[in-house]
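S.K.: Submitted below is the structure of interest, expressed as structure tokens.
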Amino acid sequence: MLKEIEHANGIYLYPIEGEPIMDLISGIGVSALGHCHHAVVEAVQSQAAKYMHTMVYGEFILAPQVLLAKALAEALPSPLDTVYLVNSGAEAVEGALKLAKKVTRRYEIVACRNAYHGSTHGAMSLMSSEIYTKPFRPLLPQIRFIDFNEESHLDQISEHTAAVILETIQAESGIDQPKNDYLGKVARRAREVGALLILDEIQCAFGRTGSLFAFSQYGIIPDILVLAKGMGGGMPIGAFVASQTHMHQLAINPSLGHITTFGGHPVNCAAALATLQVLQNQDLIGQVSEKAELFRKLLPHPLIKQIRQSGLWFALDLGDANLLQKVVNLAVEKGVLIDWFLFNDHSIRIAPPLIIEEAEIRKACVILHSVFDEFK
């Protein structure tokens, strides 16, 4: 039976009836600071009391937008210095695709099989699964698919390609990390043929993998970076980031090449800035490795065939979709919220808020083991 949530705090969801539930998926990566973090709540309340929606095309200077964009640009390496604020990850992907086409004057997009970039029409066009795309065809033309980590496919990136779009860590296939300098090889191939590299960090940025931005661990810098989910501390916001030279292309021919009514909403920007400041000023990201190691020590169980992991982000492979559904359902009954992956229905998703403490990790793993024991 579905439970109605009355309130949420920290890593817990509190139903109207029944016991608290440990949220081990952070609202699919959104609540990186947990639920109702005091800094985010204070920022939202303070900004809402000043002003909310005003005008949308730059008629006025809105401090929350400016401060957030400045903070993001300062946290990112050159030339990623210009931020376009939107409402969600899918909208950020749409903007990134338009920007790549405008800059290169090309139309072909290369994407990876089993990647997920959103469900809007353009973002869905980057999805290889016929199960999800067939009912909505025709989609965008000239989309070419390659396999993540398959170097032999890189010759499909050509002089016709506007952009290659990749997740820095492929999420919905069950947490697949790049291997053997794969991202570097993609970046070099794109540069050779004049294509742009778009990195989708909608799920993996803002500390999830142990660094503020995951690409910093792989020695590359994308031409366009896509952000959302954990960015807003629970509020809906996204962004795509590029150089000022590239981003200027959206301001000319036509002058309103990309517009969004609610993008950069002042309240959401205030929440996102507060989230970023907490991550920068506290040691939550620095604690990711230690907390992840504790999970790796405590999680193993005979039911788990394999554990894949990047920071506080785990895929526990059970090898059986039916078993997984039973495990997920029983876990919620016992007070732990876990999930699966869109293109991997036999692996459990665990991605707790970064604020999770050692005692909570231990408690969660005890509960999970009691669930696993039911199916040995």
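Residue numbering restarts at 1 for every chain of the structure tokens, chains are lettered A, B, ... in their displayed order, and ligands are numbered from 1 as they appear.
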Just asking: which residues within segment 109-253 of chain A are alpha helix (DSSP H) according to DSSP, as a PyMOL selection string?

M.R.: chain A and resi 121-124+130-133+182-193+244-247

S.K.: Fewer than 5 positions away in the same chain doesn't count, so skip those; otherwise give me all residues within 6 Å of segment 23-32 of chain A, counting only C-alpha atoms, as a list in words.

M.R.: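 Those residues are Ile11, Tyr12, Gln203, Lys229, Gly230, Gly233, Gly234, Leu337, Ile338, Ile350, Ala351, Pro352, Pro353 and Leu354 of chain A.
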
S.K.: Atoms to include: C-alpha atoms. Write the selected residues as a compact mmCIF listing (two decimals), in the first residue's frame.

M.R.:
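To be explicit, this is the file written out as again16.txt:
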# COMPACT_ATOMS: atom_id res chain seq x y z
CA ILE A 11 18.00 10.88 5.46
CA TYR A 12 14.49 10.01 6.68
CA GLN A 203 23.40 12.43 -11.60
CA LYS A 229 19.42 16.93 -9.68
CA GLY A 230 21.72 17.45 -6.65
CA GLY A 233 19.23 20.74 -2.69
CA GLY A 234 15.68 19.53 -3.36
CA LEU A 337 14.09 2.93 0.37
CA ILE A 338 16.16 1.49 -2.48
CA ILE A 350 21.91 2.87 -3.53
CA ALA A 351 22.78 6.58 -3.48
CA PRO A 352 22.21 7.98 0.01
CA PRO A 353 22.40 11.66 0.94
CA LEU A 354 26.01 12.71 1.49

S.K.: Find the residues near Thr133 of chain A: any atom within 8 Å, counting only C-alpha atoms, skip ones fewer than 6 places away on the same chain, and give them as a VMD selection string.

M.R.: chain A and resid 124 to 125 127

S.K.: Those same residues - C-alpha atoms - I'd like them written as a compact mmCIF listing (two decimals), in the first residue's frame.

M.R.:
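The file below, part-v7.txt, is the result:
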# COMPACT_ATOMS: atom_id res chain seq x y z
CA MET A 124 14.56 11.02 -25.58
CA SER A 125 16.04 10.93 -29.06
CA MET A 127 17.87 6.99 -25.85

S.K.: For segment 301-312 of chain A, work out the shell of residues within 9 Å, counting only C-alpha atoms and skipping chain neighbours fewer than 2 positions away, then give it as an MDAnalysis selection string.

M.R.: chainID A and resid 169 174:177 204 207:211 288:289 291:293 295:296 298:299 314:319 347 350:354 369 372:373 375:376

S.K.: Which neighbours of Val56 of chain A fall inside 9 Å, counting only C-alpha atoms, when residues of the same chain fewer than 6 positions from it are skipped, and could you give them as a PyMOL selection string?

M.R.: chain A and resi 259-265

S.K.: Using only C-alpha atoms, which protein or nucleic acid residues come within 9 Å of segment 355-358 of chain A? Drop anything in the same chain fewer than 4 positions from it, and give the result as a VMD selection string.

M.R.: chain A and resid 10 to 11 32 to 34 284 291 294 362 to 363

S.K.: Using only C-alpha atoms, which residues sit within 9 Å of Ala111 of chain A once same-chain residues fewer than 6 positions away are excluded, as a list in words?

M.R.: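 Using only C-alpha atoms, the neighbours found are Leu126, Met127, Ser128, Ile143, Arg144, Phe145, Ile146, Asp147, Phe148, Ala163, Val164, Ile165 and Leu166 of chain A.
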
S.K.: Write out, as a compact mmCIF listing (two decimals), in the first residue's frame, the residues just selected, with C-alpha atoms.

M.R.:
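Saved to selection-v4.txt:
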# COMPACT_ATOMS: atom_id res chain seq x y z
CA LEU A 126 19.36 10.15 -27.37
CA MET A 127 17.87 6.99 -25.85
CA SER A 128 18.71 3.74 -27.62
CA ILE A 143 21.38 10.37 -33.93
CA ARG A 144 24.19 7.83 -33.99
CA PHE A 145 24.69 5.37 -31.11
CA ILE A 146 27.95 3.92 -29.83
CA ASP A 147 28.74 1.68 -26.86
CA PHE A 148 30.16 3.23 -23.71
CA ALA A 163 28.53 16.79 -30.56
CA VAL A 164 29.19 13.63 -28.63
CA ILE A 165 27.07 13.46 -25.48
CA LEU A 166 28.11 11.10 -22.70

S.K.: Give the strand (DSSP E or B) residues of segment 148-353 of chain A, as DSSP finds them on the backbone, and put them as a ChimeraX atom specification.

M.R.: /A:161-167,170,176,196-200,224-227,238-242,306-309,314-317,336-337,339-341,344-350

S.K.: So, counting only C-alpha atoms, which residue among A:Leu183, A:Val40, A:Ala92, A:Leu196 is closest to Gly232 of chain A?

M.R.: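 Nearest to Gly232 of chain A: A:Val40.
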